[in-house]
file structure_16.pdb (PDB, C-alpha atoms and all ligand atoms)
ATOM      1  CA  MET A   1      94.259  82.656  90.487  1.00  0.00           C
ATOM      2  CA  VAL A   2      97.249  82.175  92.749  1.00  0.00           C
ATOM      3  CA  MET A   3      96.973  81.349  96.427  1.00  0.00           C
ATOM      4  CA  SER A   4      99.231  80.489  99.330  1.00  0.00           C
ATOM      5  CA  ILE A   5      99.081  76.981 100.767  1.00  0.00           C
ATOM      6  CA  ASP A   6      96.820  78.342 103.531  1.00  0.00           C
ATOM      7  CA  GLY A   7      94.400  79.733 100.913  1.00  0.00           C
ATOM      8  CA  ALA A   8      95.358  83.435 100.972  1.00  0.00           C
ATOM      9  CA  TYR A   9      94.865  85.315  97.711  1.00  0.00           C
ATOM     10  CA  SER A  10      96.903  88.376  98.605  1.00  0.00           C
ATOM     11  CA  VAL A  11      99.925  89.458 100.601  1.00  0.00           C
ATOM     12  CA  ALA A  12      99.795  93.083 101.753  1.00  0.00           C
ATOM     13  CA  GLY A  13      96.752  93.581  99.508  1.00  0.00           C
ATOM     14  CA  ARG A  14      98.348  92.365  96.281  1.00  0.00           C
ATOM     15  CA  SER A  15      98.701  88.995  94.568  1.00  0.00           C
ATOM     16  CA  ALA A  16     102.238  89.694  93.313  1.00  0.00           C
ATOM     17  CA  GLY A  17     103.816  88.301  96.495  1.00  0.00           C
ATOM     18  CA  LEU A  18     102.401  84.870  95.678  1.00  0.00           C
ATOM     19  CA  SER A  19     103.187  84.519  91.981  1.00  0.00           C
ATOM     20  CA  SER A  20     106.318  83.161  90.281  1.00  0.00           C
ATOM     21  CA  THR A  21     107.886  83.720  86.877  1.00  0.00           C
ATOM     22  CA  ALA A  22     106.309  80.554  85.446  1.00  0.00           C
ATOM     23  CA  ASP A  23     102.945  81.397  87.006  1.00  0.00           C
ATOM     24  CA  HIS A  24     103.091  84.816  85.396  1.00  0.00           C
ATOM     25  CA  GLU A  25     104.004  83.296  82.013  1.00  0.00           C
ATOM     26  CA  LEU A  26     101.060  80.918  82.292  1.00  0.00           C
ATOM     27  CA  PHE A  27      98.824  83.831  83.259  1.00  0.00           C
ATOM     28  CA  LEU A  28      99.918  85.674  80.096  1.00  0.00           C
ATOM     29  CA  ALA A  29      99.439  82.563  77.937  1.00  0.00           C
ATOM     30  CA  HIS A  30      95.842  82.149  79.138  1.00  0.00           C
ATOM     31  CA  ARG A  31      95.202  85.850  78.751  1.00  0.00           C
ATOM     32  CA  ASN A  32      96.566  85.750  75.202  1.00  0.00           C
ATOM     33  CA  GLY A  33      94.392  82.744  74.371  1.00  0.00           C
ATOM     34  CA  ALA A  34      91.186  84.454  75.469  1.00  0.00           C
ATOM     35  CA  ASP A  35      88.735  86.515  73.434  1.00  0.00           C
ATOM     36  CA  ALA A  36      88.119  88.621  76.523  1.00  0.00           C
ATOM     37  CA  ILE A  37      89.511  89.154  80.010  1.00  0.00           C
ATOM     38  CA  LEU A  38      86.939  89.611  82.765  1.00  0.00           C
ATOM     39  CA  VAL A  39      87.906  91.296  86.008  1.00  0.00           C
ATOM     40  CA  GLY A  40      86.229  92.811  89.063  1.00  0.00           C
ATOM     41  CA  ALA A  41      86.655  96.538  89.574  1.00  0.00           C
ATOM     42  CA  ALA A  42      88.404  96.117  92.935  1.00  0.00           C
ATOM     43  CA  THR A  43      91.138  94.043  91.284  1.00  0.00           C
ATOM     44  CA  ALA A  44      91.431  96.553  88.419  1.00  0.00           C
ATOM     45  CA  ARG A  45      91.874  99.322  91.016  1.00  0.00           C
ATOM     46  CA  THR A  46      94.202  97.471  93.408  1.00  0.00           C
ATOM     47  CA  GLU A  47      96.389  95.855  90.785  1.00  0.00           C
ATOM     48  CA  ARG A  48      96.519  99.024  88.653  1.00  0.00           C
ATOM     49  CA  TYR A  49      95.154  97.275  85.569  1.00  0.00           C
ATOM     50  CA  ARG A  50      96.315  98.438  82.141  1.00  0.00           C
ATOM     51  CA  ARG A  51      94.987  97.653  78.697  1.00  0.00           C
ATOM     52  CA  PRO A  52      96.214  94.237  77.553  1.00  0.00           C
ATOM     53  CA  ARG A  53      98.947  94.412  74.940  1.00  0.00           C
ATOM     54  CA  PRO A  54     100.063  91.029  73.608  1.00  0.00           C
ATOM     55  CA  ASP A  55     103.602  90.961  72.237  1.00  0.00           C
ATOM     56  CA  PRO A  56     103.862  90.734  68.406  1.00  0.00           C
ATOM     57  CA  GLU A  57     104.285  86.931  68.438  1.00  0.00           C
ATOM     58  CA  ALA A  58     101.246  86.435  70.641  1.00  0.00           C
ATOM     59  CA  ALA A  59      99.248  88.850  68.471  1.00  0.00           C
ATOM     60  CA  GLN A  60     100.274  86.853  65.391  1.00  0.00           C
ATOM     61  CA  ARG A  61      99.184  83.584  67.018  1.00  0.00           C
ATOM     62  CA  ARG A  62      95.855  85.211  67.853  1.00  0.00           C
ATOM     63  CA  SER A  63      95.370  86.350  64.259  1.00  0.00           C
ATOM     64  CA  ALA A  64      96.189  82.830  63.026  1.00  0.00           C
ATOM     65  CA  ARG A  65      93.333  81.591  65.255  1.00  0.00           C
ATOM     66  CA  SER A  66      91.064  84.295  63.757  1.00  0.00           C
ATOM     67  CA  GLN A  67      91.031  86.182  67.053  1.00  0.00           C
ATOM     68  CA  SER A  68      91.400  89.936  67.334  1.00  0.00           C
ATOM     69  CA  PRO A  69      95.061  90.902  67.922  1.00  0.00           C
ATOM     70  CA  THR A  70      94.200  92.048  71.458  1.00  0.00           C
ATOM     71  CA  PRO A  71      91.801  90.467  73.948  1.00  0.00           C
ATOM     72  CA  LEU A  72      88.949  92.691  75.038  1.00  0.00           C
ATOM     73  CA  LEU A  73      89.166  93.828  78.669  1.00  0.00           C
ATOM     74  CA  VAL A  74      85.816  93.779  80.489  1.00  0.00           C
ATOM     75  CA  ILE A  75      85.619  95.289  83.963  1.00  0.00           C
ATOM     76  CA  VAL A  76      82.586  94.607  86.156  1.00  0.00           C
ATOM     77  CA  SER A  77      81.564  97.482  88.407  1.00  0.00           C
ATOM     78  CA  LYS A  78      78.594  98.988  90.174  1.00  0.00           C
ATOM     79  CA  SER A  79      80.267 102.222  91.316  1.00  0.00           C
ATOM     80  CA  LEU A  80      81.910 102.817  87.902  1.00  0.00           C
ATOM     81  CA  ASP A  81      84.653 104.510  89.895  1.00  0.00           C
ATOM     82  CA  LEU A  82      88.030 103.286  88.712  1.00  0.00           C
ATOM     83  CA  GLY A  83      89.948 106.224  90.152  1.00  0.00           C
ATOM     84  CA  ARG A  84      90.895 109.434  88.367  1.00  0.00           C
ATOM     85  CA  ASP A  85      94.397 108.265  87.563  1.00  0.00           C
ATOM     86  CA  THR A  86      93.487 104.823  86.233  1.00  0.00           C
ATOM     87  CA  PRO A  87      96.049 103.640  83.639  1.00  0.00           C
ATOM     88  CA  LEU A  88      93.113 102.098  81.745  1.00  0.00           C
ATOM     89  CA  LEU A  89      92.499 105.377  79.968  1.00  0.00           C
ATOM     90  CA  GLN A  90      95.846 105.210  78.221  1.00  0.00           C
ATOM     91  CA  GLY A  91      96.786 102.983  75.313  1.00  0.00           C
ATOM     92  CA  GLU A  92      95.573 101.632  72.030  1.00  0.00           C
ATOM     93  CA  PRO A  93      92.038 100.511  71.146  1.00  0.00           C
ATOM     94  CA  PRO A  94      90.014  98.474  71.735  1.00  0.00           C
ATOM     95  CA  ASN A  95      88.718 100.524  74.641  1.00  0.00           C
ATOM     96  CA  PRO A  96      88.005  98.444  77.734  1.00  0.00           C
ATOM     97  CA  ILE A  97      84.349  97.734  78.491  1.00  0.00           C
ATOM     98  CA  LEU A  98      82.866  98.756  81.816  1.00  0.00           C
ATOM     99  CA  ALA A  99      79.952  96.409  82.519  1.00  0.00           C
ATOM    100  CA  HIS A 100      77.452  97.823  85.007  1.00  0.00           C
ATOM    101  CA  PRO A 101      73.889  97.364  86.240  1.00  0.00           C
ATOM    102  CA  ALA A 102      71.030  99.701  85.278  1.00  0.00           C
ATOM    103  CA  THR A 103      71.117 101.390  88.695  1.00  0.00           C
ATOM    104  CA  SER A 104      74.730 102.620  88.305  1.00  0.00           C
ATOM    105  CA  ASP A 105      75.341 106.350  88.017  1.00  0.00           C
ATOM    106  CA  THR A 106      76.955 106.466  84.584  1.00  0.00           C
ATOM    107  CA  ALA A 107      78.213 110.020  85.272  1.00  0.00           C
ATOM    108  CA  MET A 108      80.844 108.334  87.483  1.00  0.00           C
ATOM    109  CA  ALA A 109      82.350 106.434  84.544  1.00  0.00           C
ATOM    110  CA  PRO A 110      85.644 107.665  83.146  1.00  0.00           C
ATOM    111  CA  GLU A 111      85.527 108.795  79.525  1.00  0.00           C
ATOM    112  CA  GLY A 112      87.261 106.561  77.033  1.00  0.00           C
ATOM    113  CA  LEU A 113      85.748 103.286  78.243  1.00  0.00           C
ATOM    114  CA  GLU A 114      82.718 101.640  76.656  1.00  0.00           C
ATOM    115  CA  LEU A 115      79.717 101.258  78.946  1.00  0.00           C
ATOM    116  CA  LEU A 116      77.712  98.056  78.766  1.00  0.00           C
ATOM    117  CA  GLU A 117      74.553  97.646  80.820  1.00  0.00           C
ATOM    118  CA  ALA A 118      73.736  94.123  82.003  1.00  0.00           C
ATOM    119  CA  GLY A 119      71.339  93.497  84.874  1.00  0.00           C
ATOM    120  CA  ARG A 120      69.251  95.728  87.164  1.00  0.00           C
ATOM    121  CA  SER A 121      70.945  96.279  90.517  1.00  0.00           C
ATOM    122  CA  GLU A 122      73.932  93.959  89.970  1.00  0.00           C
ATOM    123  CA  VAL A 123      75.653  92.914  86.773  1.00  0.00           C
ATOM    124  CA  ASP A 124      73.892  89.760  85.617  1.00  0.00           C
ATOM    125  CA  LEU A 125      76.819  87.583  84.553  1.00  0.00           C
ATOM    126  CA  HIS A 126      74.715  85.319  82.326  1.00  0.00           C
ATOM    127  CA  ALA A 127      73.375  88.382  80.494  1.00  0.00           C
ATOM    128  CA  LEU A 128      76.848  89.874  80.220  1.00  0.00           C
ATOM    129  CA  LEU A 129      78.367  86.697  78.782  1.00  0.00           C
ATOM    130  CA  ALA A 130      75.428  86.331  76.366  1.00  0.00           C
ATOM    131  CA  GLU A 131      76.007  89.878  75.107  1.00  0.00           C
ATOM    132  CA  LEU A 132      79.740  89.211  74.735  1.00  0.00           C
ATOM    133  CA  ALA A 133      78.959  85.999  72.822  1.00  0.00           C
ATOM    134  CA  ARG A 134      76.762  88.038  70.470  1.00  0.00           C
ATOM    135  CA  ARG A 135      79.892  90.085  69.770  1.00  0.00           C
ATOM    136  CA  GLY A 136      81.893  86.960  68.956  1.00  0.00           C
ATOM    137  CA  VAL A 137      83.500  86.636  72.401  1.00  0.00           C
ATOM    138  CA  ASN A 138      83.341  83.003  73.407  1.00  0.00           C
ATOM    139  CA  ARG A 139      86.448  82.299  75.439  1.00  0.00           C
ATOM    140  CA  VAL A 140      86.559  84.452  78.536  1.00  0.00           C
ATOM    141  CA  ALA A 141      89.407  84.408  81.055  1.00  0.00           C
ATOM    142  CA  CYS A 142      88.331  85.683  84.460  1.00  0.00           C
ATOM    143  CA  GLU A 143      91.268  87.026  86.447  1.00  0.00           C
ATOM    144  CA  GLY A 144      89.305  87.519  89.661  1.00  0.00           C
ATOM    145  CA  GLY A 145      89.070  88.824  92.209  1.00  0.00           C
ATOM    146  CA  PRO A 146      87.382  86.425  94.582  1.00  0.00           C
ATOM    147  CA  ALA A 147      84.141  88.450  94.819  1.00  0.00           C
ATOM    148  CA  LEU A 148      83.603  88.154  91.060  1.00  0.00           C
ATOM    149  CA  LEU A 149      84.878  84.585  90.848  1.00  0.00           C
ATOM    150  CA  GLY A 150      82.442  83.531  93.593  1.00  0.00           C
ATOM    151  CA  GLN A 151      79.536  84.877  91.566  1.00  0.00           C
ATOM    152  CA  LEU A 152      80.734  83.026  88.459  1.00  0.00           C
ATOM    153  CA  ALA A 153      80.951  79.827  90.515  1.00  0.00           C
ATOM    154  CA  ARG A 154      77.475  80.420  91.957  1.00  0.00           C
ATOM    155  CA  ALA A 155      76.138  80.837  88.410  1.00  0.00           C
ATOM    156  CA  ASP A 156      78.010  77.663  87.331  1.00  0.00           C
ATOM    157  CA  LEU A 157      79.903  79.598  84.672  1.00  0.00           C
ATOM    158  CA  ILE A 158      83.409  78.251  85.342  1.00  0.00           C
ATOM    159  CA  ASP A 159      84.369  75.581  82.784  1.00  0.00           C
ATOM    160  CA  GLU A 160      88.060  75.549  83.628  1.00  0.00           C
ATOM    161  CA  TYR A 161      89.578  76.596  86.930  1.00  0.00           C
ATOM    162  CA  LEU A 162      93.266  77.452  87.032  1.00  0.00           C
ATOM    163  CA  VAL A 163      94.977  77.748  90.357  1.00  0.00           C
ATOM    164  CA  THR A 164      98.598  78.098  91.346  1.00  0.00           C
ATOM    165  CA  LEU A 165      99.683  77.020  94.815  1.00  0.00           C
ATOM    166  CA  ALA A 166     102.420  79.268  96.184  1.00  0.00           C
ATOM    167  CA  PRO A 167     104.749  77.636  98.719  1.00  0.00           C
ATOM    168  CA  ARG A 168     103.998  80.099 101.495  1.00  0.00           C
ATOM    169  CA  LEU A 169     101.864  80.475 104.607  1.00  0.00           C
ATOM    170  CA  ALA A 170     100.463  83.968 104.342  1.00  0.00           C
ATOM    171  CA  GLY A 171      97.792  84.166 107.061  1.00  0.00           C
ATOM    172  CA  GLY A 172      95.493  87.193 107.162  1.00  0.00           C
ATOM    173  CA  GLN A 173      91.838  87.646 106.277  1.00  0.00           C
ATOM    174  CA  ASP A 174      92.151  87.587 102.463  1.00  0.00           C
ATOM    175  CA  VAL A 175      91.444  83.879 102.278  1.00  0.00           C
ATOM    176  CA  GLY A 176      89.219  81.898  99.904  1.00  0.00           C
ATOM    177  CA  LEU A 177      89.179  82.266  96.139  1.00  0.00           C
ATOM    178  CA  LEU A 178      85.376  82.490  95.972  1.00  0.00           C
ATOM    179  CA  GLY A 179      85.220  85.447  98.332  1.00  0.00           C
ATOM    180  CA  GLY A 180      83.389  83.505 101.026  1.00  0.00           C
ATOM    181  CA  LEU A 181      80.259  83.233  98.839  1.00  0.00           C
ATOM    182  CA  SER A 182      77.960  80.266  99.318  1.00  0.00           C
ATOM    183  CA  THR A 183      77.952  78.280  96.109  1.00  0.00           C
ATOM    184  CA  PRO A 184      76.491  74.904  95.187  1.00  0.00           C
ATOM    185  CA  THR A 185      79.061  72.096  95.208  1.00  0.00           C
ATOM    186  CA  ARG A 186      80.483  71.519  91.727  1.00  0.00           C
ATOM    187  CA  ASP A 187      82.808  68.738  90.610  1.00  0.00           C
ATOM    188  CA  TYR A 188      85.941  69.243  88.534  1.00  0.00           C
ATOM    189  CA  ARG A 189      88.546  66.849  87.249  1.00  0.00           C
ATOM    190  CA  LEU A 190      92.265  67.495  87.308  1.00  0.00           C
ATOM    191  CA  HIS A 191      93.202  68.244  83.703  1.00  0.00           C
ATOM    192  CA  ALA A 192      96.859  69.271  83.973  1.00  0.00           C
ATOM    193  CA  VAL A 193      99.563  69.990  86.534  1.00  0.00           C
ATOM    194  CA  LEU A 194     102.771  71.931  86.035  1.00  0.00           C
ATOM    195  CA  ARG A 195     105.494  72.327  88.605  1.00  0.00           C
ATOM    196  CA  ASP A 196     107.879  75.242  88.709  1.00  0.00           C
ATOM    197  CA  GLY A 197     110.234  74.728  91.637  1.00  0.00           C
ATOM    198  CA  ASP A 198     107.975  74.807  94.672  1.00  0.00           C
ATOM    199  CA  HIS A 199     105.040  76.409  92.852  1.00  0.00           C
ATOM    200  CA  MET A 200     102.372  74.062  91.523  1.00  0.00           C
ATOM    201  CA  MET A 201     100.019  75.126  88.720  1.00  0.00           C
ATOM    202  CA  CYS A 202      96.826  73.134  88.289  1.00  0.00           C
ATOM    203  CA  SER A 203      94.045  73.179  85.732  1.00  0.00           C
ATOM    204  CA  TYR A 204      90.667  71.674  86.654  1.00  0.00           C
ATOM    205  CA  ARG A 205      87.826  71.149  84.189  1.00  0.00           C
ATOM    206  CA  ARG A 206      84.150  71.039  85.055  1.00  0.00           C
ATOM    207  CA  ILE A 207      82.471  67.652  84.943  1.00  0.00           C
ATOM    208  CA  ARG A 208      79.089  68.160  83.313  1.00  0.00           C
ATOM    209  CA  ALA A 209      76.468  65.429  83.264  1.00  0.00           C
TER
HETATM  210  N1  LIG A 301      95.575  85.795  94.067  1.00  0.00           N
HETATM  211  C1  LIG A 301      95.049  86.098  92.896  1.00  0.00           C
HETATM  212  O1  LIG A 301      95.213  85.366  91.909  1.00  0.00           O
HETATM  213  C2  LIG A 301      94.219  87.348  92.773  1.00  0.00           C
HETATM  214  C3  LIG A 301      93.562  87.627  91.551  1.00  0.00           C
HETATM  215  C4  LIG A 301      92.791  88.773  91.473  1.00  0.00           C
HETATM  216  C5  LIG A 301      92.679  89.615  92.568  1.00  0.00           C
HETATM  217  N2  LIG A 301      93.336  89.337  93.714  1.00  0.00           N
HETATM  218  C6  LIG A 301      93.211  90.212  94.884  1.00  0.00           C
HETATM  219  O2  LIG A 301      91.841  90.236  95.239  1.00  0.00           O
HETATM  220  C7  LIG A 301      91.526  91.497  95.814  1.00  0.00           C
HETATM  221  C8  LIG A 301      90.344  92.088  95.098  1.00  0.00           C
HETATM  222  O3  LIG A 301      89.326  91.138  94.972  1.00  0.00           O
HETATM  223  P1  LIG A 301      87.861  91.343  95.575  1.00  0.00           P
HETATM  224  O4  LIG A 301      87.252  90.008  95.705  1.00  0.00           O
HETATM  225  O5  LIG A 301      87.929  92.228  96.779  1.00  0.00           O
HETATM  226  O6  LIG A 301      87.117  92.186  94.458  1.00  0.00           O
HETATM  227  P2  LIG A 301      86.895  91.963  92.867  1.00  0.00           P
HETATM  228  O7  LIG A 301      86.137  90.711  92.622  1.00  0.00           O
HETATM  229  O8  LIG A 301      88.137  92.192  92.132  1.00  0.00           O
HETATM  230  O9  LIG A 301      85.952  93.220  92.576  1.00  0.00           O
HETATM  231  C9  LIG A 301      84.784  93.427  93.334  1.00  0.00           C
HETATM  232  C10 LIG A 301      84.109  94.622  92.717  1.00  0.00           C
HETATM  233  O10 LIG A 301      83.683  94.290  91.389  1.00  0.00           O
HETATM  234  C11 LIG A 301      82.425  94.865  91.147  1.00  0.00           C
HETATM  235  N3  LIG A 301      81.458  93.790  91.045  1.00  0.00           N
HETATM  236  C12 LIG A 301      81.654  92.466  91.289  1.00  0.00           C
HETATM  237  N4  LIG A 301      80.551  91.781  90.992  1.00  0.00           N
HETATM  238  C13 LIG A 301      79.644  92.677  90.543  1.00  0.00           C
HETATM  239  C14 LIG A 301      78.315  92.571  90.046  1.00  0.00           C
HETATM  240  N5  LIG A 301      77.687  91.393  89.942  1.00  0.00           N
HETATM  241  N6  LIG A 301      77.697  93.712  89.674  1.00  0.00           N
HETATM  242  C15 LIG A 301      78.300  94.901  89.745  1.00  0.00           C
HETATM  243  N7  LIG A 301      79.577  95.068  90.191  1.00  0.00           N
HETATM  244  C16 LIG A 301      80.217  93.955  90.588  1.00  0.00           C
HETATM  245  C17 LIG A 301      82.166  95.823  92.282  1.00  0.00           C
HETATM  246  O11 LIG A 301      82.859  97.003  91.876  1.00  0.00           O
HETATM  247  P3  LIG A 301      82.595  98.487  92.401  1.00  0.00           P
HETATM  248  O12 LIG A 301      83.204  98.519  93.757  1.00  0.00           O
HETATM  249  O13 LIG A 301      83.308  99.374  91.427  1.00  0.00           O
HETATM  250  O14 LIG A 301      81.105  98.696  92.407  1.00  0.00           O
HETATM  251  C18 LIG A 301      82.865  95.123  93.431  1.00  0.00           C
HETATM  252  O15 LIG A 301      83.193  95.977  94.507  1.00  0.00           O
HETATM  253  C19 LIG A 301      92.784  92.336  95.700  1.00  0.00           C
HETATM  254  O16 LIG A 301      93.473  92.249  96.922  1.00  0.00           O
HETATM  255  C20 LIG A 301      93.577  91.642  94.630  1.00  0.00           C
HETATM  256  O17 LIG A 301      94.949  91.865  94.765  1.00  0.00           O
HETATM  257  C21 LIG A 301      94.099  88.217  93.832  1.00  0.00           C
END
call {"tool": "encode", "arguments": {"input": "structure_16.pdb", "output": "structure tokens"}}
result
Amino acid sequence: MVMSIDGAYSVAGRSAGLSSTADHELFLAHRNGADAILVGAATARTERYRRPRPDPEAAQRRSARSQSPTPLLVIVSKSLDLGRDTPLLQGEPPNPILAHPATSDTAMAPEGLELLEAGRSEVDLHALLAELARRGVNRVACEGGPALLGQLARADLIDEYLVTLAPRLAGGQDVGLLGGLSTPTRDYRLHAVLRDGDHMMCSYRRIRA
């Protein structure tokens, strides 16, 4: 996640105004290291998500680590409405997974995505991650947005938290990387810091008793 120094996660509705070249490279590196990418449907819609496509070198590094050449994209949604013109329908397999609760109207789902039921009225993130683990997916990179990240934090499912501080006051209402959700207090230790000009990229790891 990237945020302004006043805690905003978007500028004019998008995160692009906060990122930097190095932040984007780091984003890609983490994405390419993951077995799966997890994202909330609002972010997939707003940021016009596409299927991940690692460059040949990254795909080779993945194969050397016995990972599939491409990380699996998993989108969490209740509405199953990604928009008629979603770019997610185009591109090479594997098809993205649309994780949804039992109460979702599956007729709303676009064809060409795999449906995965997890939970009754909301996607149960523990159940979803357990099912992904059964499929050999162990390292999951969540790319937000805050509504989804807040639920992961509430369920204590965030082992490593990566945040870039953008040197900007952005104001507005889109503030708080956990979407304003009440979560129990959790402790993390600073694992690594990178500086790119005035951007600062930090990795925090969960302290578990
Ligand atoms: N600064 C950054 O690094 C960063 C990163 C990512 C996103 N963003 C920004 O964040 C904003 C979007 O984030 P957001 O917090 O509004 O939304 P979000 O977390 O991306 O997505 C929320 C949506 O995900 C689905 N969802 C989440 N949890 C669910 C659950 N347990 N069960 C079923 N469905 C669930 C629902 O989709 P349906 O509506 O389809 O039911 C819900 O409306 C955008 O402005 C984006 O640009 C910023």
call {"tool": "closest_residue", "arguments": {"input": "structure_16.pdb", "among": "A:Met201, A:Ala41, A:Ile97, A:Ala118", "to": "ligand LIG 301 (chain A)", "atoms": "all atoms listed in the file"}}
result
A:Ala41
call {"tool": "closest_atom_pairs", "arguments": {"input": "structure_16.pdb", "of": "chain A", "to": "ligand LIG 301 (chain A)", "cutoff": "9 Å", "atoms": "only C-alpha atoms and all ligand atoms", "output": "CSV"}}
result
residue,atom,partner,partner_atom,distance
A:Met1,CA,A:LIG301,O1,3.2
A:Val2,CA,A:LIG301,O1,3.9
A:Met3,CA,A:LIG301,N1,5.2
A:Ser4,CA,A:LIG301,N1,8.3
A:Ala8,CA,A:LIG301,N1,7.3
A:Tyr9,CA,A:LIG301,N1,3.7
A:Ser10,CA,A:LIG301,N1,5.4
A:Val11,CA,A:LIG301,O16,7.9
A:Ala12,CA,A:LIG301,O16,8.0
A:Gly13,CA,A:LIG301,O16,4.4
A:Arg14,CA,A:LIG301,O17,3.8
A:Ser15,CA,A:LIG301,N1,4.5
A:Ala16,CA,A:LIG301,O17,7.7
A:Gly17,CA,A:LIG301,N1,8.9
A:Leu18,CA,A:LIG301,N1,7.1
A:Ser19,CA,A:LIG301,N1,8.0
A:Val39,CA,A:LIG301,O8,6.2
A:Gly40,CA,A:LIG301,O9,3.5
A:Ala41,CA,A:LIG301,O10,4.1
A:Ala42,CA,A:LIG301,O9,3.8
A:Thr43,CA,A:LIG301,O8,3.6
A:Ala44,CA,A:LIG301,O8,6.6
A:Arg45,CA,A:LIG301,O8,8.1
A:Thr46,CA,A:LIG301,C19,5.8
A:Glu47,CA,A:LIG301,O17,5.8
A:Ile75,CA,A:LIG301,O10,7.7
A:Val76,CA,A:LIG301,C11,5.0
A:Ser77,CA,A:LIG301,N7,3.6
A:Lys78,CA,A:LIG301,O14,3.4
A:Ser79,CA,A:LIG301,O14,3.8
A:Leu80,CA,A:LIG301,O13,5.1
A:Asp81,CA,A:LIG301,O13,5.5
A:Leu82,CA,A:LIG301,O13,6.7
A:Ala99,CA,A:LIG301,C15,7.6
A:His100,CA,A:LIG301,C15,5.6
A:Pro101,CA,A:LIG301,C15,6.1
A:Ser104,CA,A:LIG301,O14,8.5
A:Ala118,CA,A:LIG301,N6,8.6
A:Gly119,CA,A:LIG301,N6,8.0
A:Ser121,CA,A:LIG301,N6,7.3
A:Glu122,CA,A:LIG301,N6,3.8
A:Val123,CA,A:LIG301,N6,3.6
A:Asp124,CA,A:LIG301,N5,6.0
A:Leu125,CA,A:LIG301,N5,6.7
A:Cys142,CA,A:LIG301,C4,8.9
A:Glu143,CA,A:LIG301,C4,5.5
A:Gly144,CA,A:LIG301,C4,4.1
A:Gly145,CA,A:LIG301,O8,3.5
A:Pro146,CA,A:LIG301,O4,3.8
A:Ala147,CA,A:LIG301,O4,3.6
A:Leu148,CA,A:LIG301,O7,3.9
A:Leu149,CA,A:LIG301,O7,6.5
A:Gly150,CA,A:LIG301,O7,8.1
A:Gln151,CA,A:LIG301,N5,7.0
A:Val163,CA,A:LIG301,O1,7.8
A:Thr164,CA,A:LIG301,O1,8.0
A:Asp174,CA,A:LIG301,O16,7.4
A:Leu177,CA,A:LIG301,N1,7.6
A:Leu178,CA,A:LIG301,O4,7.8
A:Gly179,CA,A:LIG301,O4,5.6
call {"tool": "closest_residue", "arguments": {"input": "structure_16.pdb", "among": "A:Gln67, A:Asp55, A:Leu113, A:Asp6", "to": "Pro87 in chain A", "atoms": "all atoms listed in the file"}}
result
A:Leu113
call {"tool": "closest_residue", "arguments": {"input": "structure_16.pdb", "among": "A:Glu117, A:Asp23, A:Asp105, A:Glu160", "to": "Ala192 in chain A", "atoms": "all atoms listed in the file"}}
result
A:Glu160
call {"tool": "residues_around", "arguments": {"input": "structure_16.pdb", "residues": "Tyr161 in chain A", "least_positions_apart": "6", "cutoff": "7 Å", "atoms": "all atoms listed in the file", "output": "PDB file with C-alpha atoms, in the frame of the given file"}}
result
ATOM      1  CA  SER A 203      94.045  73.179  85.732  1.00  0.00           C
ATOM      2  CA  TYR A 204      90.667  71.674  86.654  1.00  0.00           C
ATOM      3  CA  ARG A 205      87.826  71.149  84.189  1.00  0.00           C
TER       4      ARG A 205
END
call {"tool": "closest_residue", "arguments": {"input": "structure_16.pdb", "among": "A:Leu128, A:Pro184, A:Asp196, A:Ile5", "to": "Leu165 in chain A", "atoms": "only C-alpha atoms"}}
result
A:Ile5
call {"tool": "atom_distance", "arguments": {"input": "structure_16.pdb", "atom1": "CA of Glu114 in chain A", "atom2": "CA of Ala59 in chain A"}}
result
22.4 Å
call {"tool": "axis_aligned_box", "arguments": {"input": "structure_16.pdb", "around": "range 94-100 of chain A", "padding_each_side": "3 Å", "output": "lines of an AutoDock Vina configuration file"}}
result
center_x = 83.7
center_y = 98.5
center_z = 78.4
size_x = 18.6
size_y = 10.1
size_z = 19.3
call {"tool": "decode", "arguments": {"input": "structure_16.pdb", "residues": "range 140-148 of chain A", "atoms": "N, CA and C atoms", "output": "PDB file, in the first residue's frame"}}
result
ATOM      1  N   VAL A 140       0.604 -15.123  -0.204  1.00  0.00           N
ATOM      2  CA  VAL A 140      -0.442 -14.300  -0.809  1.00  0.00           C
ATOM      3  C   VAL A 140      -0.097 -12.825  -0.609  1.00  0.00           C
ATOM      4  N   ALA A 141      -0.099 -12.065  -1.688  1.00  0.00           N
ATOM      5  CA  ALA A 141       0.152 -10.629  -1.604  1.00  0.00           C
ATOM      6  C   ALA A 141      -1.184  -9.910  -1.753  1.00  0.00           C
ATOM      7  N   CYS A 142      -1.615  -9.247  -0.684  1.00  0.00           N
ATOM      8  CA  CYS A 142      -2.858  -8.477  -0.776  1.00  0.00           C
ATOM      9  C   CYS A 142      -2.514  -7.062  -1.225  1.00  0.00           C
ATOM     10  N   GLU A 143      -3.178  -6.626  -2.276  1.00  0.00           N
ATOM     11  CA  GLU A 143      -2.906  -5.286  -2.824  1.00  0.00           C
ATOM     12  C   GLU A 143      -4.002  -4.295  -2.448  1.00  0.00           C
ATOM     13  N   GLY A 144      -4.788  -4.633  -1.434  1.00  0.00           N
ATOM     14  CA  GLY A 144      -5.831  -3.734  -0.963  1.00  0.00           C
ATOM     15  C   GLY A 144      -7.173  -4.057  -1.593  1.00  0.00           C
ATOM     16  N   GLY A 145      -8.099  -3.125  -1.578  1.00  0.00           N
ATOM     17  CA  GLY A 145      -7.981  -1.830  -0.937  1.00  0.00           C
ATOM     18  C   GLY A 145      -8.181  -1.899   0.570  1.00  0.00           C
ATOM     19  N   PRO A 146      -8.323  -0.726   1.166  1.00  0.00           N
ATOM     20  CA  PRO A 146      -8.427  -0.642   2.616  1.00  0.00           C
ATOM     21  C   PRO A 146      -9.558  -1.476   3.213  1.00  0.00           C
ATOM     22  N   ALA A 147     -10.689  -1.586   2.531  1.00  0.00           N
ATOM     23  CA  ALA A 147     -11.812  -2.366   3.099  1.00  0.00           C
ATOM     24  C   ALA A 147     -11.398  -3.820   3.277  1.00  0.00           C
ATOM     25  N   LEU A 148     -10.709  -4.375   2.296  1.00  0.00           N
ATOM     26  CA  LEU A 148     -10.256  -5.767   2.376  1.00  0.00           C
ATOM     27  C   LEU A 148      -9.101  -5.906   3.362  1.00  0.00           C
TER      28      LEU A 148
END
